[in-house]
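Asks: Input target12.cif, format and content: mmCIF, C-alpha atoms and all ligand atoms.
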```cif
data_upload
loop_
_atom_site.group_PDB
_atom_site.id
_atom_site.type_symbol
_atom_site.label_atom_id
_atom_site.label_comp_id
_atom_site.auth_asym_id
_atom_site.auth_seq_id
_atom_site.Cartn_x
_atom_site.Cartn_y
_atom_site.Cartn_z
ATOM 1 C CA MET A 63 -38.612 3.679 -72.006
ATOM 2 C CA ARG A 64 -39.881 1.830 -68.938
ATOM 3 C CA GLY A 65 -37.462 1.696 -65.980
ATOM 4 C CA LYS A 66 -35.949 -1.463 -64.508
ATOM 5 C CA PHE A 67 -37.047 -3.035 -61.253
ATOM 6 C CA ILE A 68 -34.266 -4.311 -58.960
ATOM 7 C CA THR A 69 -34.930 -6.029 -55.637
ATOM 8 C CA LEU A 70 -32.610 -6.949 -52.789
ATOM 9 C CA GLU A 71 -33.423 -10.015 -50.703
ATOM 10 C CA GLY A 72 -32.056 -12.236 -47.971
ATOM 11 C CA THR A 73 -32.585 -13.473 -44.422
ATOM 12 C CA GLU A 74 -32.073 -11.304 -41.334
ATOM 13 C CA GLY A 75 -28.830 -9.329 -41.056
ATOM 14 C CA VAL A 76 -27.445 -10.330 -44.479
ATOM 15 C CA GLY A 77 -26.492 -6.709 -45.177
ATOM 16 C CA LYS A 78 -29.335 -5.426 -47.348
ATOM 17 C CA THR A 79 -29.377 -1.976 -45.771
ATOM 18 C CA THR A 80 -25.571 -1.754 -45.961
ATOM 19 C CA ASN A 81 -25.515 -2.726 -49.640
ATOM 20 C CA MET A 82 -28.481 -0.552 -50.662
ATOM 21 C CA ALA A 83 -26.185 2.441 -50.175
ATOM 22 C CA PHE A 84 -23.554 0.824 -52.422
ATOM 23 C CA ILE A 85 -26.111 0.146 -55.186
ATOM 24 C CA GLN A 86 -27.500 3.687 -54.939
ATOM 25 C CA GLN A 87 -24.002 5.062 -55.499
ATOM 26 C CA TRP A 88 -23.450 2.593 -58.360
ATOM 27 C CA LEU A 89 -26.641 3.718 -60.145
ATOM 28 C CA THR A 90 -25.784 7.378 -59.553
ATOM 29 C CA ASP A 91 -22.349 6.800 -61.116
ATOM 30 C CA GLN A 92 -24.090 5.360 -64.196
ATOM 31 C CA CYS A 93 -26.327 8.481 -64.390
ATOM 32 C CA ILE A 94 -29.413 6.282 -63.943
ATOM 33 C CA ASP A 95 -32.489 8.027 -62.517
ATOM 34 C CA PHE A 96 -33.886 5.816 -59.752
ATOM 35 C CA VAL A 97 -36.045 5.685 -56.630
ATOM 36 C CA THR A 98 -35.238 3.672 -53.527
ATOM 37 C CA THR A 99 -37.965 2.027 -51.521
ATOM 38 C CA ARG A 100 -38.707 -0.941 -49.266
ATOM 39 C CA GLU A 101 -41.241 -3.594 -48.298
ATOM 40 C CA PRO A 102 -43.294 -3.895 -46.320
ATOM 41 C CA GLY A 103 -43.657 -0.128 -46.616
ATOM 42 C CA GLY A 104 -42.772 2.548 -49.123
ATOM 43 C CA THR A 105 -45.905 4.758 -48.740
ATOM 44 C CA PRO A 106 -47.515 6.223 -45.592
ATOM 45 C CA LEU A 107 -50.288 3.589 -45.593
ATOM 46 C CA ALA A 108 -47.889 0.729 -46.362
ATOM 47 C CA GLU A 109 -45.497 1.955 -43.635
ATOM 48 C CA ASP A 110 -48.437 1.831 -41.182
ATOM 49 C CA ILE A 111 -49.041 -1.784 -42.234
ATOM 50 C CA ARG A 112 -45.310 -2.472 -41.753
ATOM 51 C CA HIS A 113 -45.617 -1.214 -38.199
ATOM 52 C CA LEU A 114 -48.632 -3.487 -37.622
ATOM 53 C CA LEU A 115 -46.652 -6.451 -38.957
ATOM 54 C CA LEU A 116 -43.380 -5.942 -37.061
ATOM 55 C CA THR A 117 -44.787 -5.022 -33.641
ATOM 56 C CA HIS A 118 -44.785 -7.656 -30.897
ATOM 57 C CA ARG A 119 -48.335 -8.505 -29.747
ATOM 58 C CA ASP A 120 -50.026 -10.422 -26.959
ATOM 59 C CA GLU A 121 -52.388 -12.163 -29.392
ATOM 60 C CA ALA A 122 -51.163 -14.772 -31.873
ATOM 61 C CA VAL A 123 -51.028 -13.324 -35.392
ATOM 62 C CA ASP A 124 -53.034 -15.456 -37.788
ATOM 63 C CA GLU A 125 -50.718 -16.539 -40.632
ATOM 64 C CA THR A 126 -53.255 -15.798 -43.363
ATOM 65 C CA ALA A 127 -53.841 -12.337 -41.853
ATOM 66 C CA GLU A 128 -50.050 -11.784 -41.987
ATOM 67 C CA LEU A 129 -49.923 -12.901 -45.630
ATOM 68 C CA LEU A 130 -52.826 -10.639 -46.621
ATOM 69 C CA LEU A 131 -51.317 -7.647 -44.818
ATOM 70 C CA MET A 132 -48.064 -8.151 -46.783
ATOM 71 C CA PHE A 133 -49.995 -8.063 -50.042
ATOM 72 C CA ALA A 134 -52.219 -5.164 -48.901
ATOM 73 C CA ALA A 135 -49.080 -3.092 -48.275
ATOM 74 C CA ARG A 136 -47.634 -4.266 -51.603
ATOM 75 C CA SER A 137 -50.751 -3.308 -53.553
ATOM 76 C CA GLN A 138 -50.609 0.248 -52.199
ATOM 77 C CA HIS A 139 -46.850 0.431 -52.777
ATOM 78 C CA ILE A 140 -47.140 -0.700 -56.401
ATOM 79 C CA ALA A 141 -49.976 1.739 -57.135
ATOM 80 C CA GLN A 142 -48.386 4.758 -55.465
ATOM 81 C CA VAL A 143 -44.646 4.297 -56.000
ATOM 82 C CA ILE A 144 -43.403 1.383 -58.095
ATOM 83 C CA GLU A 145 -45.617 1.541 -61.189
ATOM 84 C CA PRO A 146 -45.561 5.348 -61.543
ATOM 85 C CA ALA A 147 -41.746 5.362 -61.292
ATOM 86 C CA LEU A 148 -41.241 2.526 -63.802
ATOM 87 C CA ALA A 149 -43.743 4.115 -66.196
ATOM 88 C CA ALA A 150 -41.815 7.411 -65.963
ATOM 89 C CA GLY A 151 -38.619 5.577 -66.993
ATOM 90 C CA LYS A 152 -37.071 5.566 -63.518
ATOM 91 C CA TRP A 153 -35.425 2.499 -62.077
ATOM 92 C CA VAL A 154 -36.806 1.179 -58.798
ATOM 93 C CA LEU A 155 -34.471 -0.255 -56.168
ATOM 94 C CA CYS A 156 -36.538 -2.073 -53.556
ATOM 95 C CA ASP A 157 -35.386 -3.584 -50.245
ATOM 96 C CA ARG A 158 -37.415 -6.849 -50.315
ATOM 97 C CA PHE A 159 -40.419 -7.726 -52.505
ATOM 98 C CA THR A 160 -42.509 -10.835 -53.213
ATOM 99 C CA ASP A 161 -39.604 -13.302 -52.977
ATOM 100 C CA ALA A 162 -39.660 -12.405 -49.266
ATOM 101 C CA THR A 163 -43.295 -13.534 -49.091
ATOM 102 C CA TYR A 164 -42.449 -16.862 -50.742
ATOM 103 C CA ALA A 165 -39.506 -17.225 -48.320
ATOM 104 C CA TYR A 166 -41.014 -16.007 -45.012
ATOM 105 C CA GLN A 167 -44.745 -16.756 -45.321
ATOM 106 C CA GLY A 168 -44.224 -19.744 -47.663
ATOM 107 C CA GLY A 169 -40.979 -21.329 -46.429
ATOM 108 C CA GLY A 170 -40.973 -19.977 -42.884
ATOM 109 C CA ARG A 171 -44.660 -20.179 -41.960
ATOM 110 C CA GLY A 172 -45.607 -22.990 -44.328
ATOM 111 C CA GLN A 173 -48.317 -21.040 -46.181
ATOM 112 C CA SER A 174 -49.385 -22.539 -49.511
ATOM 113 C CA THR A 175 -47.210 -21.494 -52.459
ATOM 114 C CA GLU A 176 -50.286 -21.682 -54.695
ATOM 115 C CA HIS A 177 -52.126 -19.136 -52.543
ATOM 116 C CA ILE A 178 -49.097 -16.824 -52.617
ATOM 117 C CA ALA A 179 -48.925 -17.175 -56.409
ATOM 118 C CA GLN A 180 -52.644 -16.318 -56.691
ATOM 119 C CA LEU A 181 -52.205 -13.186 -54.566
ATOM 120 C CA GLU A 182 -49.079 -12.271 -56.548
ATOM 121 C CA GLN A 183 -51.093 -12.431 -59.766
ATOM 122 C CA LEU A 184 -54.025 -10.491 -58.282
ATOM 123 C CA VAL A 185 -51.885 -7.700 -56.817
ATOM 124 C CA GLN A 186 -49.070 -7.475 -59.346
ATOM 125 C CA GLY A 187 -50.501 -8.576 -62.684
ATOM 126 C CA ASP A 188 -47.409 -8.953 -64.870
ATOM 127 C CA LEU A 189 -45.119 -6.920 -62.597
ATOM 128 C CA ARG A 190 -42.037 -8.929 -61.587
ATOM 129 C CA PRO A 191 -38.507 -7.754 -60.694
ATOM 130 C CA ASP A 192 -36.054 -7.588 -63.611
ATOM 131 C CA LEU A 193 -33.134 -8.410 -61.326
ATOM 132 C CA THR A 194 -33.037 -9.774 -57.780
ATOM 133 C CA LEU A 195 -29.840 -9.807 -55.739
ATOM 134 C CA LEU A 196 -30.169 -12.526 -53.109
ATOM 135 C CA LEU A 197 -27.657 -11.944 -50.322
ATOM 136 C CA ASP A 198 -27.008 -15.367 -48.847
ATOM 137 C CA LEU A 199 -25.457 -16.073 -45.478
ATOM 138 C CA PRO A 200 -25.582 -18.858 -42.864
ATOM 139 C CA VAL A 201 -28.560 -18.069 -40.639
ATOM 140 C CA ASP A 202 -26.625 -17.936 -37.357
ATOM 141 C CA VAL A 203 -24.140 -15.377 -38.725
ATOM 142 C CA GLY A 204 -26.966 -13.115 -39.988
ATOM 143 C CA LEU A 205 -28.881 -13.304 -36.714
ATOM 144 C CA GLN A 206 -25.750 -12.417 -34.745
ATOM 145 C CA ARG A 207 -25.180 -9.396 -36.979
ATOM 146 C CA ALA A 208 -28.850 -8.302 -36.771
ATOM 147 C CA ARG A 209 -29.103 -8.736 -32.985
ATOM 148 C CA LYS A 210 -25.921 -6.737 -32.399
ATOM 149 C CA ARG A 211 -27.555 -3.824 -34.218
ATOM 150 C CA SER A 212 -31.016 -3.576 -32.572
ATOM 151 C CA ASP A 213 -33.641 -5.370 -30.450
ATOM 152 C CA PRO A 214 -35.415 -8.128 -32.402
ATOM 153 C CA ASP A 215 -38.767 -7.237 -34.059
ATOM 154 C CA ARG A 216 -41.613 -9.796 -34.319
ATOM 155 C CA PHE A 217 -39.892 -11.657 -37.213
ATOM 156 C CA GLU A 218 -36.349 -11.452 -35.836
ATOM 157 C CA ALA A 219 -37.622 -13.053 -32.605
ATOM 158 C CA GLU A 220 -38.389 -16.300 -34.498
ATOM 159 C CA ARG A 221 -36.320 -19.439 -33.883
ATOM 160 C CA GLN A 222 -33.303 -20.413 -35.977
ATOM 161 C CA GLN A 223 -35.239 -23.271 -37.700
ATOM 162 C CA PHE A 224 -37.707 -20.710 -39.051
ATOM 163 C CA PHE A 225 -34.873 -18.766 -40.715
ATOM 164 C CA THR A 226 -33.308 -21.961 -42.039
ATOM 165 C CA ARG A 227 -36.590 -22.672 -43.857
ATOM 166 C CA VAL A 228 -36.659 -19.047 -45.075
ATOM 167 C CA ARG A 229 -33.112 -19.343 -46.423
ATOM 168 C CA ASP A 230 -33.874 -22.683 -48.123
ATOM 169 C CA ALA A 231 -36.977 -21.188 -49.765
ATOM 170 C CA TYR A 232 -34.957 -18.219 -51.086
ATOM 171 C CA LEU A 233 -32.271 -20.512 -52.494
ATOM 172 C CA GLU A 234 -34.922 -22.703 -54.118
ATOM 173 C CA ARG A 235 -36.430 -19.649 -55.836
ATOM 174 C CA ALA A 236 -32.977 -18.663 -57.072
ATOM 175 C CA ARG A 237 -32.492 -22.195 -58.452
ATOM 176 C CA GLN A 238 -35.855 -21.965 -60.236
ATOM 177 C CA GLN A 239 -35.173 -18.505 -61.706
ATOM 178 C CA PRO A 240 -31.393 -18.314 -62.143
ATOM 179 C CA LYS A 241 -31.437 -15.530 -64.742
ATOM 180 C CA ARG A 242 -33.403 -13.107 -62.570
ATOM 181 C CA CYS A 243 -32.010 -14.130 -59.150
ATOM 182 C CA GLN A 244 -28.285 -13.616 -58.655
ATOM 183 C CA VAL A 245 -27.021 -15.206 -55.442
ATOM 184 C CA VAL A 246 -24.370 -13.134 -53.664
ATOM 185 C CA ASP A 247 -22.159 -14.754 -50.989
ATOM 186 C CA ALA A 248 -22.774 -12.301 -48.126
ATOM 187 C CA SER A 249 -20.493 -14.129 -45.679
ATOM 188 C CA LEU A 250 -17.420 -12.531 -47.273
ATOM 189 C CA PRO A 251 -15.890 -9.198 -46.206
ATOM 190 C CA LEU A 252 -17.992 -6.243 -47.370
ATOM 191 C CA GLU A 253 -15.621 -5.249 -50.211
ATOM 192 C CA GLN A 254 -15.904 -8.712 -51.736
ATOM 193 C CA VAL A 255 -19.692 -8.739 -51.317
ATOM 194 C CA GLN A 256 -19.810 -5.424 -53.165
ATOM 195 C CA GLY A 257 -17.477 -6.787 -55.848
ATOM 196 C CA GLN A 258 -20.038 -9.517 -56.574
ATOM 197 C CA ILE A 259 -22.878 -6.963 -56.650
ATOM 198 C CA ASP A 260 -20.847 -4.798 -59.041
ATOM 199 C CA THR A 261 -20.353 -7.782 -61.388
ATOM 200 C CA ALA A 262 -24.053 -8.694 -61.296
ATOM 201 C CA LEU A 263 -25.110 -5.101 -62.040
ATOM 202 C CA GLN A 264 -22.622 -4.750 -64.906
ATOM 203 C CA GLN A 265 -23.868 -7.977 -66.446
ATOM 204 C CA PHE A 266 -27.480 -6.842 -66.028
ATOM 205 C CA ILE A 267 -26.801 -3.499 -67.718
ATOM 206 C CA ALA A 268 -24.913 -5.172 -70.575
ATOM 207 C CA GLU A 269 -27.857 -7.534 -71.181
ATOM 208 C CA ALA A 270 -30.414 -4.705 -70.852
ATOM 209 C CA ASN A 271 -28.511 -2.661 -73.475
ATOM 210 C CA HIS A 272 -28.368 -5.696 -75.753
ATOM 211 C CA ASP A 273 -32.178 -6.333 -75.607
HETATM 212 N N1 LIG B 1 -41.084 -9.779 -44.488
HETATM 213 C C1 LIG B 1 -40.927 -8.839 -45.468
HETATM 214 C C2 LIG B 1 -41.936 -10.886 -44.674
HETATM 215 O O1 LIG B 1 -42.089 -11.728 -43.787
HETATM 216 N N2 LIG B 1 -42.596 -11.012 -45.870
HETATM 217 C C3 LIG B 1 -42.509 -10.091 -46.876
HETATM 218 O O2 LIG B 1 -43.150 -10.244 -47.928
HETATM 219 C C4 LIG B 1 -41.627 -8.956 -46.660
HETATM 220 C C5 LIG B 1 -41.482 -7.922 -47.738
HETATM 221 C C6 LIG B 1 -38.797 -6.604 -42.200
HETATM 222 C C7 LIG B 1 -39.287 -8.000 -41.969
HETATM 223 O O3 LIG B 1 -40.406 -8.279 -42.789
HETATM 224 C C8 LIG B 1 -40.367 -9.623 -43.199
HETATM 225 C C9 LIG B 1 -38.922 -9.975 -43.265
HETATM 226 C C10 LIG B 1 -38.265 -9.091 -42.218
HETATM 227 O O4 LIG B 1 -38.142 -9.843 -41.022
HETATM 228 P P1 LIG B 1 -36.528 -5.716 -43.179
HETATM 229 O O5 LIG B 1 -36.540 -4.581 -42.250
HETATM 230 O O6 LIG B 1 -36.156 -5.478 -44.583
HETATM 231 O O7 LIG B 1 -37.944 -6.491 -43.259
HETATM 232 O O8 LIG B 1 -35.640 -6.890 -42.663
HETATM 233 P P2 LIG B 1 -34.369 -7.112 -41.895
HETATM 234 O O9 LIG B 1 -33.770 -8.368 -42.389
HETATM 235 O O10 LIG B 1 -34.764 -7.060 -40.446
HETATM 236 O O11 LIG B 1 -33.384 -5.986 -42.300
HETATM 237 P P3 LIG B 1 -32.180 -5.652 -41.477
HETATM 238 O O12 LIG B 1 -32.071 -4.168 -41.611
HETATM 239 O O13 LIG B 1 -32.247 -6.244 -40.106
HETATM 240 O O14 LIG B 1 -30.995 -6.437 -42.094
HETATM 241 P P4 LIG B 1 -30.062 -6.075 -43.281
HETATM 242 O O15 LIG B 1 -30.518 -4.783 -43.869
HETATM 243 O O16 LIG B 1 -30.001 -7.229 -44.182
HETATM 244 O O17 LIG B 1 -28.657 -5.925 -42.599
HETATM 245 P P5 LIG B 1 -27.740 -4.640 -42.350
HETATM 246 O O18 LIG B 1 -27.281 -4.051 -43.630
HETATM 247 O O19 LIG B 1 -28.397 -3.741 -41.361
HETATM 248 O O20 LIG B 1 -26.486 -5.378 -41.711
HETATM 249 C C11 LIG B 1 -26.547 -5.966 -40.429
HETATM 250 C C12 LIG B 1 -25.184 -5.749 -39.734
HETATM 251 O O21 LIG B 1 -24.180 -6.510 -40.408
HETATM 252 C C13 LIG B 1 -23.075 -5.671 -40.791
HETATM 253 C C14 LIG B 1 -23.659 -4.267 -40.860
HETATM 254 O O22 LIG B 1 -22.650 -3.292 -40.632
HETATM 255 C C15 LIG B 1 -24.710 -4.282 -39.742
HETATM 256 O O23 LIG B 1 -24.132 -3.995 -38.515
HETATM 257 N N3 LIG B 1 -22.585 -6.182 -42.076
HETATM 258 C C16 LIG B 1 -21.464 -6.908 -42.229
HETATM 259 N N4 LIG B 1 -20.539 -7.343 -41.338
HETATM 260 C C17 LIG B 1 -19.512 -8.087 -41.819
HETATM 261 N N5 LIG B 1 -19.352 -8.402 -43.154
HETATM 262 C C18 LIG B 1 -20.254 -7.992 -44.075
HETATM 263 N N6 LIG B 1 -20.101 -8.341 -45.348
HETATM 264 C C19 LIG B 1 -21.367 -7.207 -43.618
HETATM 265 N N7 LIG B 1 -22.448 -6.666 -44.244
HETATM 266 C C20 LIG B 1 -23.183 -6.040 -43.300
#
```
Just dump the structure as C-alpha cells.

Replies:
Amino acid sequence: MRGKFITLEGTEGVGKTTNMAFIQQWLTDQCIDFVTTREPGGTPLAEDIRHLLLTHRDEAVDETAELLLMFAARSQHIAQVIEPALAAGKWVLCDRFTDATYAYQGGGRGQSTEHIAQLEQLVQGDLRPDLTLLLDLPVDVGLQRARKRSDPDRFEAERQQFFTRVRDAYLERARQQPKRCQVVDASLPLEQVQGQIDTALQQFIAEANHD
C-alpha cells in the first residue's frame, strides 16, 4: 500500500524543526516506516539549490527566478526521494512543501497564484500532501525565536509585513482546505503544541484506517 505524505508548515521560527523530532518519535511508536526530508532540499542537487536560494547576494533576486528554483528543487526531490518512498509504502514527513510556495512566493512576494498552480501541476501531477500541520504563531514572536537561534538567511531578513502576508496566505490555504490542513496554535508552551499535533495525527490515522 502507498505511504502517506505529511508536511509541516509555518512562518519563521514557529517550531517546525522542534516538532519534527516529536512527530518522528510518534511515527516510530506506531511502528510506521517513514523517511524525513525537507524543502527546499532533500537531495544533493536540491540542497545545492537551497543554498543558492538562502544565501544573501549583492544582486536583486528576480522573483520568477526564485519561484522556478523552488520548483526545480521540488521536481528533483519528488523524483529522487518522495515518490520512491511513497511507492514503497513508506510515509514521508517533509519540513515544508508547496504550501510554502503559495505562502512565500504567492503571499509574500505577490507572485500569481495561477502561475504557482500551473507549476504545481507540471512538477507534481496528482501528488499532494495527505496531511499538513500548519504551525501558526504571531509573526513577531516567531521572528524573535528564529533570530535568537541564528543569523537571518535571505528570507529571514525580510520585513515583518512580508511575513504577515505569508502568514495570511497560509491561513487562507488552511481555510480553503480544512480537511488536509490542520492549524496548530504554536504560541502555546511546547507540551501543548505537541498535544495538538498528537490529536491531529491520531485523527488522521483513524480516518486513514477507516478508508
Ligand atoms: N521557502 C521554502 C520558500 O520561500 N518557498 C518554498 O516553497 C519553500 C519550501 C527555508 C526558507 O525557505 C523559504 C521559507 C524559509 O524562509 P526553513 O529552513 O524550513 O526554510 O525555514 P525556517 O522557518 O527558517 O526554519 P527554522 O528552522 O528557522 O524555524 P522552525 O524550524 O520553524 O523553528 P525551530 O523549531 O528551530 O524553533 C525556533 C526556536 O523556537 C523555540 C525552539 O526551541 C527554537 O529555539 N521554540 C519554542 N519556544 C517556546 N515555545 C514553543 N512552543 C516553541 N517551539 C519552538

Asks: Could you list, as a list of chain:residue names, every residue matched by the PyMOL selection byres (((chain A and resi 248) around 7) and not hetatm) in this structure?

Replies: A:Val76, A:Leu197, A:Asp198, A:Leu199, A:Val246, A:Asp247, A:Ser249, A:Leu250, A:Val255

Asks: Counting all atoms listed in the file, what is within 10 Å of stretch 146-154 of chain A, bar same-chain residues fewer than 6 positions away, as a PyMOL selection string?

Replies: chain A and resi 63-69+89+94-100+140+191

Asks: Given the selection you just returned, output its residues as a file containing C-alpha atoms, formatted as a PDB file, keeping the file's coordinate frame.

Replies:
```pdb
ATOM      1  CA  MET A  63     -38.612   3.679 -72.006  1.00  0.00           C
ATOM      2  CA  ARG A  64     -39.881   1.830 -68.938  1.00  0.00           C
ATOM      3  CA  GLY A  65     -37.462   1.696 -65.980  1.00  0.00           C
ATOM      4  CA  LYS A  66     -35.949  -1.463 -64.508  1.00  0.00           C
ATOM      5  CA  PHE A  67     -37.047  -3.035 -61.253  1.00  0.00           C
ATOM      6  CA  ILE A  68     -34.266  -4.311 -58.960  1.00  0.00           C
ATOM      7  CA  THR A  69     -34.930  -6.029 -55.637  1.00  0.00           C
ATOM      8  CA  LEU A  89     -26.641   3.718 -60.145  1.00  0.00           C
ATOM      9  CA  ILE A  94     -29.413   6.282 -63.943  1.00  0.00           C
ATOM     10  CA  ASP A  95     -32.489   8.027 -62.517  1.00  0.00           C
ATOM     11  CA  PHE A  96     -33.886   5.816 -59.752  1.00  0.00           C
ATOM     12  CA  VAL A  97     -36.045   5.685 -56.630  1.00  0.00           C
ATOM     13  CA  THR A  98     -35.238   3.672 -53.527  1.00  0.00           C
ATOM     14  CA  THR A  99     -37.965   2.027 -51.521  1.00  0.00           C
ATOM     15  CA  ARG A 100     -38.707  -0.941 -49.266  1.00  0.00           C
ATOM     16  CA  ILE A 140     -47.140  -0.700 -56.401  1.00  0.00           C
ATOM     17  CA  PRO A 191     -38.507  -7.754 -60.694  1.00  0.00           C
TER      18      PRO A 191
END
```

Asks: Around ligand LIG 1 (chain B), which protein and nucleic acid residues have at least one atom no more than 8 Å from it, if we count all atoms listed in the file? List them as a ChimeraX atom specification.

Replies: /A:71-82,100-102,112,115-116,129,132-133,157-167,204,207-208,210-211,215-218,248-255

Asks: Using the chain letters and numbering of this document, enumerate as number ranges by chain the residues selected by the PyMOL selection byres (((chain A and resi 270) around 12) and not hetatm).

Replies: A: 63-67, 192-193, 263-269, 271-273

Asks: Which residues fall under the PyMOL selection byres (((chain A and resi 125) around 8) and not hetatm) in this file, as a list in words?

Replies: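 Selected by the PyMOL selection byres (((chain A and resi 125) around 8) and not hetatm) here: Val123, Asp124, Thr126, Ala127, Glu128, Leu129, Gln167, Arg171 and Gln173 of chain A.
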
Asks: In Å to one decimal, how far is atom CA of A:Gly103 from atom CA of A:Gln238?

Replies: 26.9 Å

Asks: Nearest to A:Pro106: which of A:Asp120, A:Thr90, A:Gln206, A:Val143 is it, counting all atoms listed in the file?

Replies: A:Val143

Asks: Can you measure atom CA of A:Cys243 to atom CA of A:Glu109 for me? One decimal in Å is fine.

Replies: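 For atom CA of A:Cys243 relative to atom CA of A:Glu109, the distance reads 26.1 Å.
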
Asks: Considering only C-alpha atoms, state which residue in the set A:Gly168, A:Leu195, A:Trp88, A:Glu182 is at the smallest distance from A:Asp230.

Replies: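 Of the candidates, the smallest distance to A:Asp230 is held by A:Gly168.
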
Asks: Could you jot down the atom CA of A:Val245 to atom CA of A:Asp260 separation for me, Å, one decimal place?

Replies: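 Computing it gives 12.6 Å between the two atoms.
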
Asks: I'd like the box whose edges run along x, y and z of the file and which contains every listed atom of stretch 155-160 of chain A, padded by 5 Å per side; could you state its centre and edge lengths in Å, one decimal, as lines of an AutoDock Vina configuration file?

Replies:
```
center_x = -38.5
center_y = -5.5
center_z = -53.2
size_x = 18.0
size_y = 20.6
size_z = 15.9
```

Asks: For a quick check of understanding, using all atoms listed in the file, which of A:Gly104, A:Leu205, A:Cys93, A:Ile178 has the smallest distance to A:Ala219?

Replies: A:Leu205

Asks: Which is closer to A:Glu234 than all the others in A:Leu184, A:Ala262, A:Ala141, A:Leu196, using all atoms listed in the file?

Replies: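 Using all atoms listed in the file, A:Glu234 sits closest to A:Leu196.
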
Asks: Using all atoms listed in the file, pick whichever of A:Ala236, A:Ala179, A:Val201, A:Leu107 has the shortest atom-to-atom distance to A:Gln222.

Replies: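 When distances to A:Gln222 are compared using all atoms listed in the file, the smallest one comes from A:Val201.
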
Asks: Select, from A:Glu121, A:Gln180, A:Gln92, A:Thr175, the residue with the minimum atom-to-atom distance to A:Ala231, counting all atoms listed in the file.

Replies: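 With all atoms listed in the file as the atom set, the closest residue is A:Thr175.
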
Asks: Have stretch 264-269 of chain A completed to all heavy atoms, please, and pass it along as an mmCIF file, keeping the file's coordinate frame.

Replies:
```cif
data_model
loop_
_atom_site.group_PDB
_atom_site.id
_atom_site.type_symbol
_atom_site.label_atom_id
_atom_site.label_comp_id
_atom_site.auth_asym_id
_atom_site.auth_seq_id
_atom_site.Cartn_x
_atom_site.Cartn_y
_atom_site.Cartn_z
ATOM 1 N N GLN A 264 -23.233 -4.987 -63.579
ATOM 2 C CA GLN A 264 -22.622 -4.750 -64.906
ATOM 3 C C GLN A 264 -23.191 -5.704 -65.945
ATOM 4 O O GLN A 264 -23.495 -5.312 -67.074
ATOM 5 C CB GLN A 264 -21.117 -4.933 -64.804
ATOM 6 C CG GLN A 264 -20.437 -3.775 -64.118
ATOM 7 C CD GLN A 264 -18.945 -3.791 -64.342
ATOM 8 O OE1 GLN A 264 -18.481 -4.097 -65.418
ATOM 9 N NE2 GLN A 264 -18.190 -3.478 -63.302
ATOM 10 N N GLN A 265 -23.319 -6.970 -65.536
ATOM 11 C CA GLN A 265 -23.868 -7.977 -66.446
ATOM 12 C C GLN A 265 -25.323 -7.639 -66.804
ATOM 13 O O GLN A 265 -25.720 -7.742 -67.968
ATOM 14 C CB GLN A 265 -23.815 -9.320 -65.732
ATOM 15 C CG GLN A 265 -24.040 -10.517 -66.632
ATOM 16 C CD GLN A 265 -24.006 -11.796 -65.800
ATOM 17 O OE1 GLN A 265 -23.303 -11.879 -64.790
ATOM 18 N NE2 GLN A 265 -24.773 -12.776 -66.215
ATOM 19 N N PHE A 266 -26.066 -7.190 -65.802
ATOM 20 C CA PHE A 266 -27.480 -6.842 -66.028
ATOM 21 C C PHE A 266 -27.593 -5.682 -67.019
ATOM 22 O O PHE A 266 -28.384 -5.722 -67.962
ATOM 23 C CB PHE A 266 -28.139 -6.481 -64.689
ATOM 24 C CG PHE A 266 -29.557 -6.039 -64.825
ATOM 25 C CD1 PHE A 266 -30.559 -6.942 -65.155
ATOM 26 C CD2 PHE A 266 -29.913 -4.706 -64.632
ATOM 27 C CE1 PHE A 266 -31.884 -6.537 -65.290
ATOM 28 C CE2 PHE A 266 -31.227 -4.295 -64.763
ATOM 29 C CZ PHE A 266 -32.214 -5.212 -65.095
ATOM 30 N N ILE A 267 -26.751 -4.666 -66.820
ATOM 31 C CA ILE A 267 -26.801 -3.499 -67.718
ATOM 32 C C ILE A 267 -26.410 -3.907 -69.133
ATOM 33 O O ILE A 267 -27.031 -3.483 -70.107
ATOM 34 C CB ILE A 267 -25.826 -2.396 -67.227
ATOM 35 C CG1 ILE A 267 -26.279 -1.858 -65.884
ATOM 36 C CG2 ILE A 267 -25.622 -1.320 -68.267
ATOM 37 C CD1 ILE A 267 -26.722 -0.425 -65.867
ATOM 38 N N ALA A 268 -25.369 -4.748 -69.237
ATOM 39 C CA ALA A 268 -24.913 -5.172 -70.575
ATOM 40 C C ALA A 268 -26.046 -5.907 -71.285
ATOM 41 O O ALA A 268 -26.314 -5.658 -72.469
ATOM 42 C CB ALA A 268 -23.681 -6.062 -70.440
ATOM 43 N N GLU A 269 -26.747 -6.786 -70.569
ATOM 44 C CA GLU A 269 -27.857 -7.534 -71.181
ATOM 45 C C GLU A 269 -29.018 -6.610 -71.513
ATOM 46 O O GLU A 269 -29.659 -6.760 -72.559
ATOM 47 C CB GLU A 269 -28.300 -8.672 -70.266
ATOM 48 C CG GLU A 269 -27.307 -9.828 -70.292
ATOM 49 C CD GLU A 269 -27.577 -10.893 -69.246
ATOM 50 O OE1 GLU A 269 -28.646 -10.846 -68.617
ATOM 51 O OE2 GLU A 269 -26.697 -11.750 -69.054
#
```
